[in-house]
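Coordinates as given in coords.pdb (PDB, C-alpha atoms):
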ATOM      1  CA  MET A   1      88.337 121.093  84.888  1.00  0.00           C
ATOM      2  CA  SER A   2      92.009 120.268  84.446  1.00  0.00           C
ATOM      3  CA  PRO A   3      93.108 116.896  83.071  1.00  0.00           C
ATOM      4  CA  THR A   4      94.790 116.271  86.426  1.00  0.00           C
ATOM      5  CA  PHE A   5      91.520 116.820  88.256  1.00  0.00           C
ATOM      6  CA  GLU A   6      89.631 114.566  85.863  1.00  0.00           C
ATOM      7  CA  THR A   7      92.155 111.785  86.475  1.00  0.00           C
ATOM      8  CA  VAL A   8      92.170 112.249  90.247  1.00  0.00           C
ATOM      9  CA  ALA A   9      88.367 112.425  90.433  1.00  0.00           C
ATOM     10  CA  GLY A  10      88.127 109.233  88.407  1.00  0.00           C
ATOM     11  CA  ILE A  11      90.585 107.493  90.722  1.00  0.00           C
ATOM     12  CA  ILE A  12      88.679 108.595  93.829  1.00  0.00           C
ATOM     13  CA  SER A  13      85.337 107.621  92.369  1.00  0.00           C
ATOM     14  CA  GLU A  14      86.532 104.155  91.430  1.00  0.00           C
ATOM     15  CA  THR A  15      88.721 103.474  94.466  1.00  0.00           C
ATOM     16  CA  CYS A  16      86.349 104.794  97.118  1.00  0.00           C
ATOM     17  CA  ASP A  17      83.051 104.011  95.384  1.00  0.00           C
ATOM     18  CA  ILE A  18      81.947 107.657  95.418  1.00  0.00           C
ATOM     19  CA  PRO A  19      79.646 108.918  92.639  1.00  0.00           C
ATOM     20  CA  ARG A  20      81.732 110.967  90.227  1.00  0.00           C
ATOM     21  CA  GLU A  21      79.270 113.879  90.253  1.00  0.00           C
ATOM     22  CA  LYS A  22      79.847 114.412  93.979  1.00  0.00           C
ATOM     23  CA  ILE A  23      83.554 115.063  93.431  1.00  0.00           C
ATOM     24  CA  THR A  24      84.466 118.668  92.692  1.00  0.00           C
ATOM     25  CA  PRO A  25      87.682 120.708  92.873  1.00  0.00           C
ATOM     26  CA  GLU A  26      86.297 122.234  96.085  1.00  0.00           C
ATOM     27  CA  SER A  27      85.699 118.843  97.735  1.00  0.00           C
ATOM     28  CA  HIS A  28      87.770 118.085 100.818  1.00  0.00           C
ATOM     29  CA  ALA A  29      88.790 114.434 100.563  1.00  0.00           C
ATOM     30  CA  ILE A  30      88.245 113.767 104.255  1.00  0.00           C
ATOM     31  CA  ASN A  31      85.630 116.255 105.422  1.00  0.00           C
ATOM     32  CA  ASP A  32      83.395 116.246 102.342  1.00  0.00           C
ATOM     33  CA  LEU A  33      84.009 112.875 100.708  1.00  0.00           C
ATOM     34  CA  GLY A  34      84.631 110.856 103.880  1.00  0.00           C
ATOM     35  CA  ILE A  35      87.770 109.179 102.589  1.00  0.00           C
ATOM     36  CA  ASP A  36      89.625 107.606 105.517  1.00  0.00           C
ATOM     37  CA  SER A  37      93.380 107.207 105.783  1.00  0.00           C
ATOM     38  CA  LEU A  38      93.402 103.621 104.554  1.00  0.00           C
ATOM     39  CA  ASP A  39      91.326 104.375 101.471  1.00  0.00           C
ATOM     40  CA  PHE A  40      93.567 107.366 100.873  1.00  0.00           C
ATOM     41  CA  LEU A  41      96.533 104.984 100.587  1.00  0.00           C
ATOM     42  CA  ASP A  42      94.785 103.294  97.673  1.00  0.00           C
ATOM     43  CA  VAL A  43      94.094 106.711  96.147  1.00  0.00           C
ATOM     44  CA  ALA A  44      97.739 107.716  96.672  1.00  0.00           C
ATOM     45  CA  PHE A  45      98.966 104.507  95.069  1.00  0.00           C
ATOM     46  CA  ALA A  46      96.773 105.047  92.009  1.00  0.00           C
ATOM     47  CA  ILE A  47      97.887 108.700  91.734  1.00  0.00           C
ATOM     48  CA  ASP A  48     101.567 107.781  92.135  1.00  0.00           C
ATOM     49  CA  LYS A  49     101.178 105.164  89.418  1.00  0.00           C
ATOM     50  CA  SER A  50      99.121 107.306  87.036  1.00  0.00           C
ATOM     51  CA  PHE A  51     101.405 110.332  87.209  1.00  0.00           C
ATOM     52  CA  GLY A  52     104.729 108.548  87.759  1.00  0.00           C
ATOM     53  CA  ILE A  53     105.391 110.437  90.984  1.00  0.00           C
ATOM     54  CA  LYS A  54     105.748 109.733  94.683  1.00  0.00           C
ATOM     55  CA  MET A  55     103.490 112.025  96.637  1.00  0.00           C
ATOM     56  CA  PRO A  56     105.358 113.038  99.809  1.00  0.00           C
ATOM     57  CA  LEU A  57     102.531 112.070 102.151  1.00  0.00           C
ATOM     58  CA  GLU A  58     104.780 111.864 105.190  1.00  0.00           C
ATOM     59  CA  GLN A  59     106.080 115.384 104.644  1.00  0.00           C
ATOM     60  CA  TRP A  60     102.580 116.723 104.044  1.00  0.00           C
ATOM     61  CA  THR A  61     101.280 115.001 107.177  1.00  0.00           C
ATOM     62  CA  GLN A  62     104.120 116.439 109.211  1.00  0.00           C
ATOM     63  CA  GLU A  63     103.431 119.944 107.941  1.00  0.00           C
ATOM     64  CA  VAL A  64      99.763 119.596 108.914  1.00  0.00           C
ATOM     65  CA  ASN A  65     100.582 118.141 112.331  1.00  0.00           C
ATOM     66  CA  GLU A  66     103.036 120.941 113.022  1.00  0.00           C
ATOM     67  CA  GLY A  67     100.395 123.507 112.136  1.00  0.00           C
ATOM     68  CA  LYS A  68     102.375 124.923 109.203  1.00  0.00           C
ATOM     69  CA  VAL A  69      99.472 124.391 106.804  1.00  0.00           C
ATOM     70  CA  SER A  70      95.853 123.360 107.107  1.00  0.00           C
ATOM     71  CA  THR A  71      94.572 120.076 105.716  1.00  0.00           C
ATOM     72  CA  ASP A  72      92.936 122.136 102.957  1.00  0.00           C
ATOM     73  CA  GLU A  73      96.341 122.558 101.342  1.00  0.00           C
ATOM     74  CA  TYR A  74      96.599 118.866 100.526  1.00  0.00           C
ATOM     75  CA  PHE A  75      93.099 117.448 100.821  1.00  0.00           C
ATOM     76  CA  VAL A  76      90.962 119.958  98.942  1.00  0.00           C
ATOM     77  CA  LEU A  77      91.115 118.343  95.533  1.00  0.00           C
ATOM     78  CA  GLY A  78      91.879 121.491  93.562  1.00  0.00           C
ATOM     79  CA  ASN A  79      94.885 122.082  95.812  1.00  0.00           C
ATOM     80  CA  LEU A  80      95.875 118.419  95.702  1.00  0.00           C
ATOM     81  CA  CYS A  81      95.847 118.544  91.903  1.00  0.00           C
ATOM     82  CA  ALA A  82      97.990 121.685  91.919  1.00  0.00           C
ATOM     83  CA  ASN A  83     100.497 119.874  94.131  1.00  0.00           C
ATOM     84  CA  ILE A  84     100.436 116.880  91.800  1.00  0.00           C
ATOM     85  CA  ASP A  85     101.116 119.185  88.851  1.00  0.00           C
ATOM     86  CA  LYS A  86     104.117 120.642  90.721  1.00  0.00           C
ATOM     87  CA  LEU A  87     105.494 117.163  91.394  1.00  0.00           C
ATOM     88  CA  VAL A  88     105.054 116.167  87.760  1.00  0.00           C
ATOM     89  CA  ALA A  89     106.768 119.370  86.610  1.00  0.00           C
ATOM     90  CA  ALA A  90     109.611 118.871  89.090  1.00  0.00           C
ATOM     91  CA  LYS A  91     110.128 115.351  87.831  1.00  0.00           C
ATOM     92  CA  ALA A  92     110.207 116.492  84.207  1.00  0.00           C
ATOM     93  CA  ALA A  93     112.660 119.321  84.946  1.00  0.00           C
TER      94      ALA A  93
ATOM     95  CA  MET B   1     107.590  78.294 111.958  1.00  0.00           C
ATOM     96  CA  LYS B   2     106.486  78.760 115.540  1.00  0.00           C
ATOM     97  CA  LEU B   3     102.835  79.428 115.030  1.00  0.00           C
ATOM     98  CA  GLU B   4     101.940  80.336 118.590  1.00  0.00           C
ATOM     99  CA  TYR B   5     104.669  83.025 118.560  1.00  0.00           C
ATOM    100  CA  PHE B   6     103.698  84.271 115.110  1.00  0.00           C
ATOM    101  CA  GLN B   7     107.156  83.345 113.833  1.00  0.00           C
ATOM    102  CA  MET B   8     106.195  82.414 110.304  1.00  0.00           C
ATOM    103  CA  VAL B   9     109.497  82.797 108.460  1.00  0.00           C
ATOM    104  CA  ASP B  10     112.356  80.379 109.182  1.00  0.00           C
ATOM    105  CA  ARG B  11     114.954  81.639 106.735  1.00  0.00           C
ATOM    106  CA  ILE B  12     115.368  84.284 104.067  1.00  0.00           C
ATOM    107  CA  ALA B  13     116.725  82.245 101.167  1.00  0.00           C
ATOM    108  CA  GLU B  14     117.073  85.070  98.651  1.00  0.00           C
ATOM    109  CA  LEU B  15     116.703  88.836  98.751  1.00  0.00           C
ATOM    110  CA  ASP B  16     117.191  90.783  95.524  1.00  0.00           C
ATOM    111  CA  PRO B  17     117.191  94.576  96.016  1.00  0.00           C
ATOM    112  CA  VAL B  18     117.240  95.256  92.265  1.00  0.00           C
ATOM    113  CA  ALA B  19     114.297  93.050  91.392  1.00  0.00           C
ATOM    114  CA  ARG B  20     112.833  94.025  94.795  1.00  0.00           C
ATOM    115  CA  THR B  21     111.934  90.435  95.595  1.00  0.00           C
ATOM    116  CA  VAL B  22     112.370  88.067  98.507  1.00  0.00           C
ATOM    117  CA  ARG B  23     112.033  84.319  98.927  1.00  0.00           C
ATOM    118  CA  ALA B  24     111.657  82.685 102.316  1.00  0.00           C
ATOM    119  CA  GLU B  25     111.545  79.146 103.641  1.00  0.00           C
ATOM    120  CA  CYS B  26     108.830  78.284 106.124  1.00  0.00           C
ATOM    121  CA  GLN B  27     108.513  74.817 107.620  1.00  0.00           C
ATOM    122  CA  VAL B  28     105.079  74.083 109.047  1.00  0.00           C
ATOM    123  CA  PRO B  29     105.635  72.309 112.385  1.00  0.00           C
ATOM    124  CA  GLU B  30     104.459  68.766 112.919  1.00  0.00           C
ATOM    125  CA  ALA B  31     102.795  69.812 116.165  1.00  0.00           C
ATOM    126  CA  SER B  32     101.390  73.068 117.540  1.00  0.00           C
ATOM    127  CA  PRO B  33      98.597  74.047 119.934  1.00  0.00           C
ATOM    128  CA  VAL B  34      97.069  75.802 116.926  1.00  0.00           C
ATOM    129  CA  PHE B  35      96.317  72.434 115.340  1.00  0.00           C
ATOM    130  CA  GLU B  36      94.447  71.264 118.426  1.00  0.00           C
ATOM    131  CA  GLY B  37      91.673  73.687 117.587  1.00  0.00           C
ATOM    132  CA  HIS B  38      92.087  74.034 113.840  1.00  0.00           C
ATOM    133  CA  PHE B  39      90.732  71.422 113.439  1.00  0.00           C
ATOM    134  CA  PRO B  40      90.277  68.545 115.920  1.00  0.00           C
ATOM    135  CA  GLY B  41      91.090  65.376 114.015  1.00  0.00           C
ATOM    136  CA  HIS B  42      91.870  67.310 110.833  1.00  0.00           C
ATOM    137  CA  PRO B  43      94.795  69.711 111.470  1.00  0.00           C
ATOM    138  CA  LEU B  44      95.239  72.494 108.922  1.00  0.00           C
ATOM    139  CA  LEU B  45      97.345  75.649 108.866  1.00  0.00           C
ATOM    140  CA  PRO B  46      94.766  78.428 109.347  1.00  0.00           C
ATOM    141  CA  GLY B  47      94.264  80.609 106.307  1.00  0.00           C
ATOM    142  CA  VAL B  48      94.891  83.730 108.373  1.00  0.00           C
ATOM    143  CA  LEU B  49      98.347  82.365 109.172  1.00  0.00           C
ATOM    144  CA  MET B  50      99.000  81.797 105.476  1.00  0.00           C
ATOM    145  CA  ILE B  51      98.171  85.470 104.988  1.00  0.00           C
ATOM    146  CA  GLU B  52     100.394  86.343 107.952  1.00  0.00           C
ATOM    147  CA  THR B  53     103.211  84.330 106.373  1.00  0.00           C
ATOM    148  CA  MET B  54     102.951  86.355 103.158  1.00  0.00           C
ATOM    149  CA  ALA B  55     102.694  89.583 105.162  1.00  0.00           C
ATOM    150  CA  GLN B  56     105.823  88.774 107.190  1.00  0.00           C
ATOM    151  CA  THR B  57     107.758  87.727 104.095  1.00  0.00           C
ATOM    152  CA  GLY B  58     106.887  90.983 102.365  1.00  0.00           C
ATOM    153  CA  GLY B  59     107.564  92.799 105.613  1.00  0.00           C
ATOM    154  CA  TRP B  60     111.145  91.512 105.678  1.00  0.00           C
ATOM    155  CA  LEU B  61     111.555  92.797 102.133  1.00  0.00           C
ATOM    156  CA  VAL B  62     110.273  96.265 103.058  1.00  0.00           C
ATOM    157  CA  LEU B  63     112.441  96.344 106.188  1.00  0.00           C
ATOM    158  CA  ALA B  64     115.502  95.338 104.188  1.00  0.00           C
ATOM    159  CA  MET B  65     114.855  97.865 101.416  1.00  0.00           C
ATOM    160  CA  LEU B  66     114.590 100.577 104.083  1.00  0.00           C
ATOM    161  CA  ARG B  67     117.634  99.240 105.953  1.00  0.00           C
ATOM    162  CA  PHE B  68     115.556  98.790 109.111  1.00  0.00           C
ATOM    163  CA  GLN B  69     115.029 102.524 109.511  1.00  0.00           C
ATOM    164  CA  ARG B  70     111.246 102.170 109.454  1.00  0.00           C
ATOM    165  CA  MET B  71     108.743  99.517 110.395  1.00  0.00           C
ATOM    166  CA  PRO B  72     105.998  98.166 108.122  1.00  0.00           C
ATOM    167  CA  PHE B  73     102.693  97.393 109.827  1.00  0.00           C
ATOM    168  CA  LEU B  74     100.039  95.369 108.031  1.00  0.00           C
ATOM    169  CA  ALA B  75      97.250  97.655 106.858  1.00  0.00           C
ATOM    170  CA  GLN B  76      95.367  95.927 104.073  1.00  0.00           C
ATOM    171  CA  VAL B  77      95.051  92.556 102.369  1.00  0.00           C
ATOM    172  CA  LYS B  78      93.446  92.356  98.943  1.00  0.00           C
ATOM    173  CA  GLU B  79      92.648  89.515  96.629  1.00  0.00           C
ATOM    174  CA  ALA B  80      93.714  86.899  99.149  1.00  0.00           C
ATOM    175  CA  LYS B  81      93.314  83.444  97.697  1.00  0.00           C
ATOM    176  CA  LEU B  82      93.860  80.304  99.748  1.00  0.00           C
ATOM    177  CA  ARG B  83      94.181  77.762  97.000  1.00  0.00           C
ATOM    178  CA  ALA B  84      95.027  74.558  98.845  1.00  0.00           C
ATOM    179  CA  PHE B  85      95.081  73.071 102.327  1.00  0.00           C
ATOM    180  CA  VAL B  86      98.395  73.177 104.201  1.00  0.00           C
ATOM    181  CA  VAL B  87      99.022  70.431 106.748  1.00  0.00           C
ATOM    182  CA  PRO B  88     101.473  69.866 109.645  1.00  0.00           C
ATOM    183  CA  GLY B  89     105.002  69.115 108.492  1.00  0.00           C
ATOM    184  CA  GLN B  90     104.568  70.682 105.061  1.00  0.00           C
ATOM    185  CA  PRO B  91     107.487  72.761 103.723  1.00  0.00           C
ATOM    186  CA  LEU B  92     106.489  76.116 102.241  1.00  0.00           C
ATOM    187  CA  GLN B  93     108.219  78.740 100.169  1.00  0.00           C
ATOM    188  CA  ALA B  94     106.926  82.286 100.530  1.00  0.00           C
ATOM    189  CA  GLU B  95     107.750  84.972  97.998  1.00  0.00           C
ATOM    190  CA  ALA B  96     107.056  88.671  97.774  1.00  0.00           C
ATOM    191  CA  ARG B  97     107.682  91.430  95.276  1.00  0.00           C
ATOM    192  CA  LEU B  98     107.657  95.114  96.159  1.00  0.00           C
ATOM    193  CA  VAL B  99     105.019  96.644  93.915  1.00  0.00           C
ATOM    194  CA  HIS B 100     105.311 100.212  95.197  1.00  0.00           C
ATOM    195  CA  ASP B 101     107.262 102.026  97.880  1.00  0.00           C
ATOM    196  CA  GLY B 102     105.113 105.045  98.607  1.00  0.00           C
ATOM    197  CA  SER B 103     105.619 107.795 101.138  1.00  0.00           C
ATOM    198  CA  GLY B 104     104.574 106.218 104.421  1.00  0.00           C
ATOM    199  CA  TYR B 105     103.211 103.074 102.827  1.00  0.00           C
ATOM    200  CA  ALA B 106     104.309 100.103 100.733  1.00  0.00           C
ATOM    201  CA  MET B 107     102.560  97.488  98.649  1.00  0.00           C
ATOM    202  CA  VAL B 108     103.746  93.976  97.888  1.00  0.00           C
ATOM    203  CA  SER B 109     102.478  91.046  95.924  1.00  0.00           C
ATOM    204  CA  GLY B 110     102.913  87.868  97.965  1.00  0.00           C
ATOM    205  CA  SER B 111     102.525  84.162  97.364  1.00  0.00           C
ATOM    206  CA  ILE B 112     103.187  80.791  98.957  1.00  0.00           C
ATOM    207  CA  THR B 113     104.126  77.663  97.089  1.00  0.00           C
ATOM    208  CA  SER B 114     104.590  74.113  98.240  1.00  0.00           C
ATOM    209  CA  ASP B 115     106.190  71.429  96.133  1.00  0.00           C
ATOM    210  CA  GLY B 116     106.047  73.766  93.155  1.00  0.00           C
ATOM    211  CA  LYS B 117     102.333  74.426  93.509  1.00  0.00           C
ATOM    212  CA  LYS B 118     100.917  77.790  94.506  1.00  0.00           C
ATOM    213  CA  VAL B 119      98.843  77.448  97.659  1.00  0.00           C
ATOM    214  CA  ALA B 120      98.113  81.117  98.425  1.00  0.00           C
ATOM    215  CA  ASP B 121      98.576  84.631  97.093  1.00  0.00           C
ATOM    216  CA  ALA B 122      97.536  88.151  98.081  1.00  0.00           C
ATOM    217  CA  GLU B 123      98.181  91.853  97.551  1.00  0.00           C
ATOM    218  CA  ILE B 124      99.366  93.407 100.790  1.00  0.00           C
ATOM    219  CA  THR B 125      99.626  97.024 101.939  1.00  0.00           C
ATOM    220  CA  TYR B 126     101.679  98.229 104.897  1.00  0.00           C
ATOM    221  CA  ARG B 127     101.809 101.505 106.710  1.00  0.00           C
ATOM    222  CA  VAL B 128     105.512 102.270 106.981  1.00  0.00           C
ATOM    223  CA  VAL B 129     106.337 104.404 110.001  1.00  0.00           C
ATOM    224  CA  PRO B 130     109.267 105.216 112.263  1.00  0.00           C
ATOM    225  CA  PHE B 131     109.894 102.491 114.843  1.00  0.00           C
ATOM    226  CA  PRO B 132     107.723 103.291 117.865  1.00  0.00           C
ATOM    227  CA  ASN B 133     110.620 102.495 120.169  1.00  0.00           C
ATOM    228  CA  GLU B 134     114.152 101.140 120.182  1.00  0.00           C
ATOM    229  CA  THR B 135     113.057  97.894 121.854  1.00  0.00           C
ATOM    230  CA  LEU B 136     111.073  96.833 118.812  1.00  0.00           C
ATOM    231  CA  ARG B 137     113.820  97.843 116.400  1.00  0.00           C
ATOM    232  CA  ALA B 138     116.411  95.873 118.359  1.00  0.00           C
ATOM    233  CA  GLN B 139     114.111  92.849 118.432  1.00  0.00           C
ATOM    234  CA  MET B 140     113.499  93.068 114.706  1.00  0.00           C
ATOM    235  CA  LEU B 141     117.239  93.247 114.040  1.00  0.00           C
ATOM    236  CA  GLU B 142     117.817  90.231 116.260  1.00  0.00           C
ATOM    237  CA  THR B 143     115.097  88.282 114.486  1.00  0.00           C
ATOM    238  CA  ALA B 144     116.449  89.398 111.118  1.00  0.00           C
ATOM    239  CA  ARG B 145     119.785  87.824 111.955  1.00  0.00           C
ATOM    240  CA  ARG B 146     118.060  84.634 113.087  1.00  0.00           C
ATOM    241  CA  VAL B 147     116.225  84.316 109.776  1.00  0.00           C
ATOM    242  CA  ALA B 148     119.393  85.204 107.846  1.00  0.00           C
ATOM    243  CA  VAL B 149     118.531  88.572 106.382  1.00  0.00           C
ATOM    244  CA  PRO B 150     121.890  89.532 104.831  1.00  0.00           C
ATOM    245  CA  GLU B 151     123.871  91.809 107.151  1.00  0.00           C
ATOM    246  CA  ALA B 152     124.224  94.461 104.443  1.00  0.00           C
ATOM    247  CA  PHE B 153     120.502  95.178 104.687  1.00  0.00           C
ATOM    248  CA  LEU B 154     120.470  95.728 108.430  1.00  0.00           C
ATOM    249  CA  HIS B 155     122.120  99.142 108.492  1.00  0.00           C
ATOM    250  CA  GLY B 156     121.440 102.514 106.891  1.00  0.00           C
TER     251      GLY B 156
END
Let me see the structure of the file written as structure tokens.
Amino acid sequence: MSPTFETVAGIISETCDIPREKITPESHAINDLGIDSLDFLDVAFAIDKSFGIKMPLEQWTQEVNEGKVSTDEYFVLGNLCANIDKLVAAKAA
Amino acid sequence: MKLEYFQMVDRIAELDPVARTVRAECQVPEASPVFEGHFPGHPLLPGVLMIETMAQTGGWLVLAMLRFQRMPFLAQVKEAKLRAFVVPGQPLQAEARLVHDGSGYAMVSGSITSDGKKVADAEITYRVVPFPNETLRAQMLETARRVAVPEAFLHG
């Protein structure tokens, strides 16, 4: 498990009151964990704060709505963590 | 304040884009139909309207920071504390600080004071979305001018 995943899983567990052991890199935040859009704002806030980034949720939502990517790209936690890592790297560059 | 029209903010007294704070003046009216029911013989500003006052104050801050290009809609209220009764005719000062401007959402910390004493505070989250239509945006700009949001914040 990557440090990013451990942080994100901890945030989700605490924010959404989901047992930590149910959260895996393969978990889909919405379909598997049942996180709704309002709870996801709290998760996003905690992630933004923890990693010092601003996740482009509007852009991601638009891409999903336009059919360019599936929700898996941003809501399967392993993929979400990879996107977080890219944002952190882009910020550091 | 015109409670029955949900006009909670009378005037933006200070708006600091660097500190990301706003301070607003809100005069509770002496009379309102709201007080006839809340409560008969013992009129009090409803707590939900104190929360609305903080939400609108923070909303003006978000609108100004985004130069009225997007509209904040109330999504969540956390840790709301209504610390004292507010009565007809009472002058209030509402303040808000932008805690985080996320992508598609914003969070503020809001409070209300009266005569130097804090009477309410809350953590407020908004969904921030494109204006659903030009009618609402025009109305918000008109109201912004009425409550004295500085002109520099009204345009992109």
Give one line per residue of chain A that approaches chain B to at most 8 Å, naming the two atoms of the closest pair and their distance in Å to one decimal, counting all atoms listed in the file; sort by chain then ascending residue number and deliver it as a tab-separated table.
residue	atom	partner	partner_atom	distance
A:Leu38	CA	B:Ala75	CA	7.5
A:Leu41	CA	B:Tyr105	CA	7.3
A:Phe45	CA	B:Gly102	CA	7.1
A:Asp48	CA	B:Gly102	CA	7.9
A:Lys54	CA	B:Gly102	CA	6.1
A:Met55	CA	B:Ser103	CA	6.5
A:Pro56	CA	B:Ser103	CA	5.4
A:Leu57	CA	B:Ser103	CA	5.4
A:Glu58	CA	B:Gly104	CA	5.7
Produce a file of the selected residues containing C-alpha atoms, as a tab-separated table (two decimals), in the coordinates of the input.
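After the write, result.tsv holds the following:
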chain	number	residue	atom	x	y	z
A	38	LEU	CA	93.40	103.62	104.55
A	41	LEU	CA	96.53	104.98	100.59
A	45	PHE	CA	98.97	104.51	95.07
A	48	ASP	CA	101.57	107.78	92.14
A	54	LYS	CA	105.75	109.73	94.68
A	55	MET	CA	103.49	112.02	96.64
A	56	PRO	CA	105.36	113.04	99.81
A	57	LEU	CA	102.53	112.07	102.15
A	58	GLU	CA	104.78	111.86	105.19
Worksheet entry | Evaluate the PyMOL selection byres ((chain A and resi 87) around 12) and report residues as JSON, numbers by chain | {"A": [4, 47, 48, 51, 52, 53, 54, 55, 56, 80, 81, 82, 83, 84, 85, 86, 88, 89, 90, 91, 92, 93]}
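In this model, the gap between CA of Asn79 (chain A) and CA of Trp60 (chain A) comes to 12.5 Å.
Minimum atom-to-atom distances from B:Thr143, B:Ser111, B:Gln27, B:Gln93 to Glu123 (chain B) were compared using all atoms listed in the file, and the lowest value belongs to B:Ser111.
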Response to the item:
Using all atoms listed in the file, the residue out of B:Glu95, B:Glu79, B:Glu4, B:Glu25 with shortest distance to Leu45 (chain B) is B:Glu4
Practice prompt. Any chance you could resolve the PyMOL selection byres ((chain A and resi 78) around 12) against this file and give the residues as a ChimeraX atom specification?
Written response: /A:1-6,8-9,23-29,72-77,79-85
Let me have the centre and edge lengths in Å, one decimal, of the box along x, y and z around every listed atom of region 44-58 of chain B with 4 Å of margin on each side, as lines of an AutoDock Vina configuration file.
center_x = 101.0
center_y = 81.7
center_z = 105.9
size_x = 21.5
size_y = 26.5
size_z = 15.0
Practice prompt. Work out how far apart CA of Thr21 (chain B) and CA of Leu98 (chain B) are and give it in Å to one decimal.
Written response: 6.4 Å
Identify all residues satisfying the PyMOL selection byres ((chain B and resi 87) around 9) in the given file; provide them as a short mmCIF file (atom, residue, chain, number, x, y, z; two decimals) with C-alpha atoms, in the frame of the given file.
data_model
loop_
_atom_site.label_atom_id
_atom_site.label_comp_id
_atom_site.auth_asym_id
_atom_site.auth_seq_id
_atom_site.Cartn_x
_atom_site.Cartn_y
_atom_site.Cartn_z
CA VAL B 28 105.08 74.08 109.05
CA PRO B 29 105.64 72.31 112.38
CA GLU B 30 104.46 68.77 112.92
CA HIS B 42 91.87 67.31 110.83
CA PRO B 43 94.80 69.71 111.47
CA LEU B 44 95.24 72.49 108.92
CA LEU B 45 97.34 75.65 108.87
CA PHE B 85 95.08 73.07 102.33
CA VAL B 86 98.40 73.18 104.20
CA PRO B 88 101.47 69.87 109.64
CA GLY B 89 105.00 69.11 108.49
CA GLN B 90 104.57 70.68 105.06
#
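Atom pair CA of Met65 (chain B) / CA of Ala94 (chain B): separated by 17.5 Å.
Closest approach to Pro19 (chain A) among A:Leu33, A:Lys49, A:Asn65, A:Asp42 is made by A:Leu33 (distances from all atoms listed in the file).
By chain and then residue number, the residues within 6 Å of region 10-17 of chain B are Met1, Thr21, Val22, Arg23, Ala24, Glu25, Cys26, Val147, Ala148 and Val149 of chain B, counting all atoms listed in the file and disregarding those fewer than 4 positions away in sequence.
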Write out the residues from the selection above, keeping C-alpha atoms, as a CSV table (one decimal), keeping the file's coordinate frame.
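Output file selection-v1.csv is given in full below:
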chain,number,residue,atom,x,y,z
B,1,MET,CA,107.6,78.3,112.0
B,21,THR,CA,111.9,90.4,95.6
B,22,VAL,CA,112.4,88.1,98.5
B,23,ARG,CA,112.0,84.3,98.9
B,24,ALA,CA,111.7,82.7,102.3
B,25,GLU,CA,111.5,79.1,103.6
B,26,CYS,CA,108.8,78.3,106.1
B,147,VAL,CA,116.2,84.3,109.8
B,148,ALA,CA,119.4,85.2,107.8
B,149,VAL,CA,118.5,88.6,106.4
